[in-house]
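Coordinates from entry.cif are shown below (mmCIF, C-alpha atoms).
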```cif
data_query
loop_
_atom_site.group_PDB
_atom_site.id
_atom_site.type_symbol
_atom_site.label_atom_id
_atom_site.label_comp_id
_atom_site.auth_asym_id
_atom_site.auth_seq_id
_atom_site.Cartn_x
_atom_site.Cartn_y
_atom_site.Cartn_z
ATOM 1 C CA MET A 267 97.290 105.924 90.535
ATOM 2 C CA PRO A 268 98.832 102.435 90.662
ATOM 3 C CA THR A 269 96.476 99.653 89.624
ATOM 4 C CA HIS A 270 98.850 96.752 90.293
ATOM 5 C CA THR A 271 100.617 95.252 93.285
ATOM 6 C CA ASP A 272 103.582 93.002 93.895
ATOM 7 C CA THR A 273 104.377 90.284 96.425
ATOM 8 C CA LEU A 274 105.989 92.702 98.865
ATOM 9 C CA ALA A 275 103.004 95.066 98.785
ATOM 10 C CA ARG A 276 100.590 92.199 99.400
ATOM 11 C CA ILE A 277 102.651 90.928 102.350
ATOM 12 C CA TYR A 278 102.601 94.318 104.066
ATOM 13 C CA ALA A 279 98.926 94.844 103.220
ATOM 14 C CA ARG A 280 98.039 91.440 104.664
ATOM 15 C CA SER A 281 99.883 92.295 107.883
ATOM 16 C CA LEU A 282 98.016 95.615 108.185
ATOM 17 C CA PHE A 283 94.703 93.915 107.403
ATOM 18 C CA GLU A 284 95.216 91.307 110.117
ATOM 19 C CA VAL A 285 96.311 93.833 112.745
ATOM 20 C CA SER A 286 93.301 96.022 111.939
ATOM 21 C CA GLU A 287 90.884 93.104 112.095
ATOM 22 C CA GLU A 288 92.282 91.866 115.408
ATOM 23 C CA SER A 289 91.968 95.275 117.036
ATOM 24 C CA GLY A 290 88.701 96.491 115.510
ATOM 25 C CA GLY A 291 86.983 93.793 113.500
ATOM 26 C CA ARG A 292 85.335 94.729 110.201
ATOM 27 C CA ASP A 293 84.874 98.379 111.194
ATOM 28 C CA GLY A 294 88.508 98.589 112.225
ATOM 29 C CA VAL A 295 89.678 97.275 108.859
ATOM 30 C CA MET A 296 87.381 99.663 106.989
ATOM 31 C CA GLU A 297 88.600 102.670 108.969
ATOM 32 C CA VAL A 298 92.254 101.769 108.505
ATOM 33 C CA ALA A 299 91.780 101.084 104.774
ATOM 34 C CA ASP A 300 90.033 104.427 104.280
ATOM 35 C CA GLU A 301 92.691 106.269 106.274
ATOM 36 C CA LEU A 302 95.505 104.602 104.356
ATOM 37 C CA GLU A 303 93.774 105.602 101.124
ATOM 38 C CA GLN A 304 93.700 109.238 102.283
ATOM 39 C CA VAL A 305 97.439 109.108 102.928
ATOM 40 C CA CYS A 306 97.962 107.585 99.476
ATOM 41 C CA GLU A 307 95.840 110.349 97.937
ATOM 42 C CA LEU A 308 98.194 112.859 99.563
ATOM 43 C CA VAL A 309 101.191 111.051 98.109
ATOM 44 C CA ARG A 310 99.623 110.962 94.636
ATOM 45 C CA SER A 311 98.760 114.656 94.711
ATOM 46 C CA ASP A 312 102.173 115.902 95.866
ATOM 47 C CA ALA A 313 105.138 114.863 93.718
ATOM 48 C CA ALA A 314 107.648 116.401 96.135
ATOM 49 C CA PHE A 315 106.215 114.458 99.067
ATOM 50 C CA ARG A 316 106.217 111.257 97.012
ATOM 51 C CA GLU A 317 109.890 111.790 96.204
ATOM 52 C CA PHE A 318 110.642 112.530 99.857
ATOM 53 C CA LEU A 319 109.137 109.216 100.956
ATOM 54 C CA SER A 320 111.026 107.097 98.440
ATOM 55 C CA SER A 321 114.354 108.911 98.081
ATOM 56 C CA PRO A 322 117.375 106.769 99.065
ATOM 57 C CA LEU A 323 119.273 109.996 99.790
ATOM 58 C CA ILE A 324 117.256 110.689 102.936
ATOM 59 C CA GLU A 325 118.149 108.775 106.086
ATOM 60 C CA SER A 326 115.342 106.788 107.707
ATOM 61 C CA ALA A 327 115.772 108.584 111.038
ATOM 62 C CA ALA A 328 115.357 112.029 109.480
ATOM 63 C CA ARG A 329 112.394 110.853 107.414
ATOM 64 C CA GLY A 330 110.844 109.318 110.524
ATOM 65 C CA ASP A 331 111.075 112.631 112.340
ATOM 66 C CA SER A 332 109.280 114.340 109.457
ATOM 67 C CA ILE A 333 106.566 111.678 109.388
ATOM 68 C CA LYS A 334 106.005 112.236 113.109
ATOM 69 C CA ALA A 335 105.724 115.984 112.578
ATOM 70 C CA ILE A 336 103.258 115.563 109.694
ATOM 71 C CA PHE A 337 101.039 112.726 110.899
ATOM 72 C CA SER A 338 101.326 112.317 114.670
ATOM 73 C CA GLY A 339 97.925 113.003 116.231
ATOM 74 C CA ARG A 340 96.305 113.375 112.812
ATOM 75 C CA ILE A 341 95.909 109.720 111.900
ATOM 76 C CA SER A 342 95.146 106.581 113.879
ATOM 77 C CA GLU A 343 97.872 104.876 115.872
ATOM 78 C CA VAL A 344 97.594 101.785 113.674
ATOM 79 C CA VAL A 345 98.265 103.663 110.433
ATOM 80 C CA PHE A 346 100.920 105.885 112.023
ATOM 81 C CA ASN A 347 102.815 102.875 113.386
ATOM 82 C CA PHE A 348 102.500 101.170 110.004
ATOM 83 C CA LEU A 349 104.098 104.170 108.273
ATOM 84 C CA MET A 350 106.927 104.091 110.790
ATOM 85 C CA VAL A 351 107.500 100.368 110.174
ATOM 86 C CA LEU A 352 107.627 100.989 106.414
ATOM 87 C CA ASN A 353 110.108 103.788 106.982
ATOM 88 C CA ALA A 354 112.318 101.646 109.216
ATOM 89 C CA HIS A 355 112.515 99.048 106.426
ATOM 90 C CA ASP A 356 112.877 101.610 103.609
ATOM 91 C CA ARG A 357 109.551 100.519 102.091
ATOM 92 C CA LEU A 358 107.656 103.817 101.919
ATOM 93 C CA GLY A 359 108.217 103.817 98.166
ATOM 94 C CA HIS A 360 105.798 100.865 98.106
ATOM 95 C CA LEU A 361 103.082 102.761 99.971
ATOM 96 C CA GLU A 362 100.764 103.328 97.006
ATOM 97 C CA MET A 363 100.930 99.694 95.910
ATOM 98 C CA ILE A 364 100.321 98.609 99.497
ATOM 99 C CA GLY A 365 97.240 100.850 99.500
ATOM 100 C CA VAL A 366 95.992 99.156 96.332
ATOM 101 C CA ALA A 367 96.620 95.692 97.813
ATOM 102 C CA MET A 368 94.823 96.658 101.037
ATOM 103 C CA MET A 369 91.764 97.838 99.129
ATOM 104 C CA GLN A 370 91.751 94.655 97.048
ATOM 105 C CA MET A 371 91.661 92.582 100.235
ATOM 106 C CA VAL A 372 88.829 94.668 101.646
ATOM 107 C CA HIS A 373 86.866 94.311 98.412
ATOM 108 C CA GLU A 374 87.362 90.552 98.360
ATOM 109 C CA HIS A 375 86.124 90.207 101.936
ATOM 110 C CA TRP A 376 83.203 92.630 101.957
ATOM 111 C CA GLY A 377 82.167 93.446 98.420
ATOM 112 C CA ARG A 378 83.379 97.009 98.106
ATOM 113 C CA VAL A 379 84.010 98.546 94.695
ATOM 114 C CA GLU A 380 86.211 101.449 93.623
ATOM 115 C CA VAL A 381 84.577 104.277 91.686
ATOM 116 C CA ASP A 382 86.398 107.129 89.958
ATOM 117 C CA VAL A 383 84.188 110.234 90.146
ATOM 118 C CA THR A 384 85.212 113.171 87.981
ATOM 119 C CA THR A 385 83.389 116.480 88.420
ATOM 120 C CA ALA A 386 83.862 120.008 87.091
ATOM 121 C CA LYS A 387 84.346 121.325 90.616
ATOM 122 C CA PRO A 388 85.674 119.593 93.753
ATOM 123 C CA LEU A 389 83.033 117.758 95.777
ATOM 124 C CA ASP A 390 82.545 119.120 99.283
ATOM 125 C CA ASP A 391 82.037 116.696 102.179
ATOM 126 C CA ALA A 392 78.243 116.816 101.848
ATOM 127 C CA GLY A 393 78.439 116.241 98.115
ATOM 128 C CA ARG A 394 80.826 113.339 98.524
ATOM 129 C CA GLU A 395 78.527 111.715 101.085
ATOM 130 C CA ALA A 396 75.515 112.201 98.820
ATOM 131 C CA VAL A 397 77.302 110.620 95.856
ATOM 132 C CA VAL A 398 78.485 107.686 97.990
ATOM 133 C CA ASN A 399 74.941 107.034 99.255
ATOM 134 C CA GLU A 400 73.396 107.107 95.786
ATOM 135 C CA LEU A 401 76.126 104.965 94.241
ATOM 136 C CA LYS A 402 75.564 102.386 96.970
ATOM 137 C CA LYS A 403 71.893 102.193 95.970
ATOM 138 C CA ILE A 404 72.757 101.923 92.287
ATOM 139 C CA ILE A 405 75.521 99.320 92.342
ATOM 140 C CA GLY A 406 74.490 97.446 95.480
ATOM 141 C CA LYS A 407 77.965 97.587 97.001
ATOM 142 C CA ASP A 408 79.894 99.953 99.245
ATOM 143 C CA PRO A 409 81.680 102.393 96.907
ATOM 144 C CA VAL A 410 85.202 103.614 97.561
ATOM 145 C CA ILE A 411 85.300 107.045 95.964
ATOM 146 C CA HIS A 412 88.312 108.523 94.174
ATOM 147 C CA SER A 413 87.505 112.147 93.341
ATOM 148 C CA TYR A 414 88.994 113.965 90.370
ATOM 149 C CA VAL A 415 88.357 117.409 88.892
ATOM 150 C CA ASP A 416 88.095 118.266 85.189
ATOM 151 C CA ALA A 417 86.928 121.819 84.462
ATOM 152 C CA ASP A 418 86.241 120.846 80.834
ATOM 153 C CA LEU A 419 83.176 118.927 82.007
ATOM 154 C CA ILE A 420 81.428 122.313 82.486
ATOM 155 C CA GLY A 421 79.291 121.216 85.389
ATOM 156 C CA GLY A 422 78.917 117.577 84.415
ATOM 157 C CA ALA A 423 80.280 114.432 85.977
ATOM 158 C CA THR A 424 81.579 111.017 84.976
ATOM 159 C CA PHE A 425 81.729 107.718 86.856
ATOM 160 C CA ARG A 426 84.111 104.863 86.190
ATOM 161 C CA ILE A 427 83.519 101.642 88.100
ATOM 162 C CA GLY A 428 86.731 99.658 87.809
ATOM 163 C CA ASP A 429 86.846 97.743 84.550
ATOM 164 C CA GLN A 430 83.360 96.335 84.991
ATOM 165 C CA LEU A 431 80.855 96.068 82.181
ATOM 166 C CA ILE A 432 77.942 98.200 83.379
ATOM 167 C CA ASP A 433 74.536 96.898 82.308
ATOM 168 C CA GLY A 434 71.850 99.140 80.845
ATOM 169 C CA SER A 435 69.843 99.662 84.028
ATOM 170 C CA VAL A 436 72.894 100.704 86.036
ATOM 171 C CA ALA A 437 74.122 102.908 83.188
ATOM 172 C CA THR A 438 70.749 104.676 83.106
ATOM 173 C CA GLN A 439 70.809 105.335 86.835
ATOM 174 C CA LEU A 440 74.383 106.623 86.654
ATOM 175 C CA LYS A 441 73.329 108.953 83.856
ATOM 176 C CA ARG A 442 70.586 110.345 86.110
ATOM 177 C CA LEU A 443 73.166 110.926 88.807
ATOM 178 C CA GLU A 444 75.427 112.732 86.329
ATOM 179 C CA GLN A 445 72.526 114.909 85.171
ATOM 180 C CA ASP A 446 71.535 115.914 88.689
ATOM 181 C CA LEU A 447 75.131 116.780 89.544
ATOM 182 C CA GLN A 448 75.246 118.948 86.438
ATOM 183 C CA LYS A 449 71.924 120.690 87.091
ATOM 184 C CA ALA A 450 71.761 121.063 90.844
ATOM 185 C CA GLY A 451 74.930 119.690 92.388
ATOM 186 C CA SER A 452 74.934 117.439 95.426
ATOM 187 C CA HIS A 453 71.955 119.351 96.861
ATOM 188 C CA GLY A 454 69.809 118.025 94.026
ATOM 189 C CA ILE A 455 70.906 114.483 94.723
ATOM 190 C CA ARG A 456 69.779 114.732 98.327
ATOM 191 C CA LEU A 457 66.423 116.196 97.273
ATOM 192 C CA HIS A 458 65.609 113.532 94.691
ATOM 193 C CA PRO A 459 66.924 110.151 95.873
ATOM 194 C CA GLU A 460 63.971 108.337 94.312
ATOM 195 C CA ARG A 461 65.418 108.974 90.850
ATOM 196 C CA TYR A 462 68.154 106.391 91.436
ATOM 197 C CA ILE A 463 65.942 103.543 92.595
ATOM 198 C CA GLU A 464 65.591 100.796 90.004
ATOM 199 C CA GLY A 465 62.413 101.302 88.000
ATOM 200 C CA ALA A 466 61.834 104.901 89.134
ATOM 201 C CA VAL A 467 60.795 107.470 86.559
#
```
Just give me the structure as structure tokens.
Amino acid sequence: MPTHTDTLARIYARSLFEVSEESGGRDGVMEVADELEQVCELVRSDAAFREFLSSPLIESAARGDSIKAIFSGRISEVVFNFLMVLNAHDRLGHLEMIGVAMMQMVHEHWGRVEVDVTTAKPLDDAGREAVVNELKKIIGKDPVIHSYVDADLIGGATFRIGDQLIDGSVATQLKRLEQDLQKAGSHGIRLHPERYIEGAV
């Protein structure tokens, strides 16, 4: 996953941010940022698709037709049109960096924080929602979750919050969250939310 951006990525991200804010305000920006991140996750998880988007051997018109077939009706008009603009200018190879730049802008404006969550088994939608809710209580910001799977954890979980230094109280609460994921999965998190409140025992 790219962790850096360049001037071009920031220019495109700024344009998308402004269009999203004009059409939908804060909620519009959040929805577009989350949707763009989902598209980037798809790109990261599929090497062949990533190559397809960036290959100079494929004509823009043919690639545009494929993008329409894949995404039309499945993503918002704003994000779909943005992908088509990138394709028309042969900039889809920058998509992941644009996604990073977009998230950075969202974080700067509204205090969101990216969290890498690694579990032994994939989180289902309910589990993901439960983890997001508890992380929000723990870190006091809206978490943007990146889910990873590592079978070697044998039922455990790990959390990485950017490059931040996590203080003792937050580390303790994260450890509780890890333990509940290991013992009872996301169901246990929903049953015992009081465990993650500062000062709870």
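Proximity to Gln304 of chain A was assessed for A:Glu362, A:Asp391, A:Asp446, A:Glu343 counting all atoms listed in the file; the smallest distance is recorded for A:Glu362.
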Counting only C-alpha atoms, note down every residue that has an atom within 12 Å of the point (103.4, 111.7, 102.9) (file coordinates), as a ChimeraX atom specification. /A:302-320,329-330,332-338,341,346,349-350,353,358-359,361-362
Evaluated on this file, the PyMOL selection byres ((chain A and resi 275) around 12) picks out some residues - which ones are they, written as a PDB file with C-alpha atoms, in the frame of the given file?
```
ATOM      1  CA  PRO A 268      98.832 102.435  90.662  1.00  0.00           C
ATOM      2  CA  HIS A 270      98.850  96.752  90.293  1.00  0.00           C
ATOM      3  CA  THR A 271     100.617  95.252  93.285  1.00  0.00           C
ATOM      4  CA  ASP A 272     103.582  93.002  93.895  1.00  0.00           C
ATOM      5  CA  THR A 273     104.377  90.284  96.425  1.00  0.00           C
ATOM      6  CA  LEU A 274     105.989  92.702  98.865  1.00  0.00           C
ATOM      7  CA  ARG A 276     100.590  92.199  99.400  1.00  0.00           C
ATOM      8  CA  ILE A 277     102.651  90.928 102.350  1.00  0.00           C
ATOM      9  CA  TYR A 278     102.601  94.318 104.066  1.00  0.00           C
ATOM     10  CA  ALA A 279      98.926  94.844 103.220  1.00  0.00           C
ATOM     11  CA  ARG A 280      98.039  91.440 104.664  1.00  0.00           C
ATOM     12  CA  SER A 281      99.883  92.295 107.883  1.00  0.00           C
ATOM     13  CA  LEU A 282      98.016  95.615 108.185  1.00  0.00           C
ATOM     14  CA  LEU A 352     107.627 100.989 106.414  1.00  0.00           C
ATOM     15  CA  ARG A 357     109.551 100.519 102.091  1.00  0.00           C
ATOM     16  CA  LEU A 358     107.656 103.817 101.919  1.00  0.00           C
ATOM     17  CA  GLY A 359     108.217 103.817  98.166  1.00  0.00           C
ATOM     18  CA  HIS A 360     105.798 100.865  98.106  1.00  0.00           C
ATOM     19  CA  LEU A 361     103.082 102.761  99.971  1.00  0.00           C
ATOM     20  CA  GLU A 362     100.764 103.328  97.006  1.00  0.00           C
ATOM     21  CA  MET A 363     100.930  99.694  95.910  1.00  0.00           C
ATOM     22  CA  ILE A 364     100.321  98.609  99.497  1.00  0.00           C
ATOM     23  CA  GLY A 365      97.240 100.850  99.500  1.00  0.00           C
ATOM     24  CA  VAL A 366      95.992  99.156  96.332  1.00  0.00           C
ATOM     25  CA  ALA A 367      96.620  95.692  97.813  1.00  0.00           C
ATOM     26  CA  MET A 368      94.823  96.658 101.037  1.00  0.00           C
ATOM     27  CA  MET A 369      91.764  97.838  99.129  1.00  0.00           C
ATOM     28  CA  GLN A 370      91.751  94.655  97.048  1.00  0.00           C
ATOM     29  CA  MET A 371      91.661  92.582 100.235  1.00  0.00           C
TER      30      MET A 371
END
```
Please, what distance in Å, to one decimal, runs between atom CA of Thr384 of chain A and atom CA of Pro409 of chain A? 14.4 Å
Which of these, A:Gln445, A:Leu440, A:Asp300, A:Val351, has the shortest distance to Lys403 of chain A once you count all atoms listed in the file?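 Using all atoms listed in the file, the shortest distance to Lys403 of chain A belongs to A:Leu440.
Atom pair atom CA of Gly291 of chain A / atom CA of Gly339 of chain A: separated by 22.3 Å.
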Select, from A:Val372, A:Met296, A:Leu447, A:Val410, the residue with the minimum atom-to-atom distance to Ala386 of chain A, counting all atoms listed in the file. A:Leu447
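Between atom CA of Ser413 of chain A and atom CA of Glu395 of chain A the separation is 11.9 Å.
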Please list as a list in words every residue within 9 Å of Ile411 of chain A, counting all atoms listed in the file and excluding residues in the same chain fewer than 4 positions away. Val379, Glu380, Val381, Asp382, Val383, Arg394, Val397 and Val398 of chain A
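Nearest residue to Ala423 of chain A among A:Pro322, A:Gly377, A:Pro388, A:Gly290 is A:Pro388, counting only C-alpha atoms.
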Between A:Leu443, A:Leu419, A:Ala299, A:Leu389, single out the one closest to Val344 of chain A, counting only C-alpha atoms.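 Nearest to Val344 of chain A: A:Ala299.
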May I ask which of the residues A:Asp418, A:Arg378, A:Thr385, A:Gly294 is the closest one to Ser342 of chain A, counting all atoms listed in the file?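 The closest residue to Ser342 of chain A is A:Gly294.
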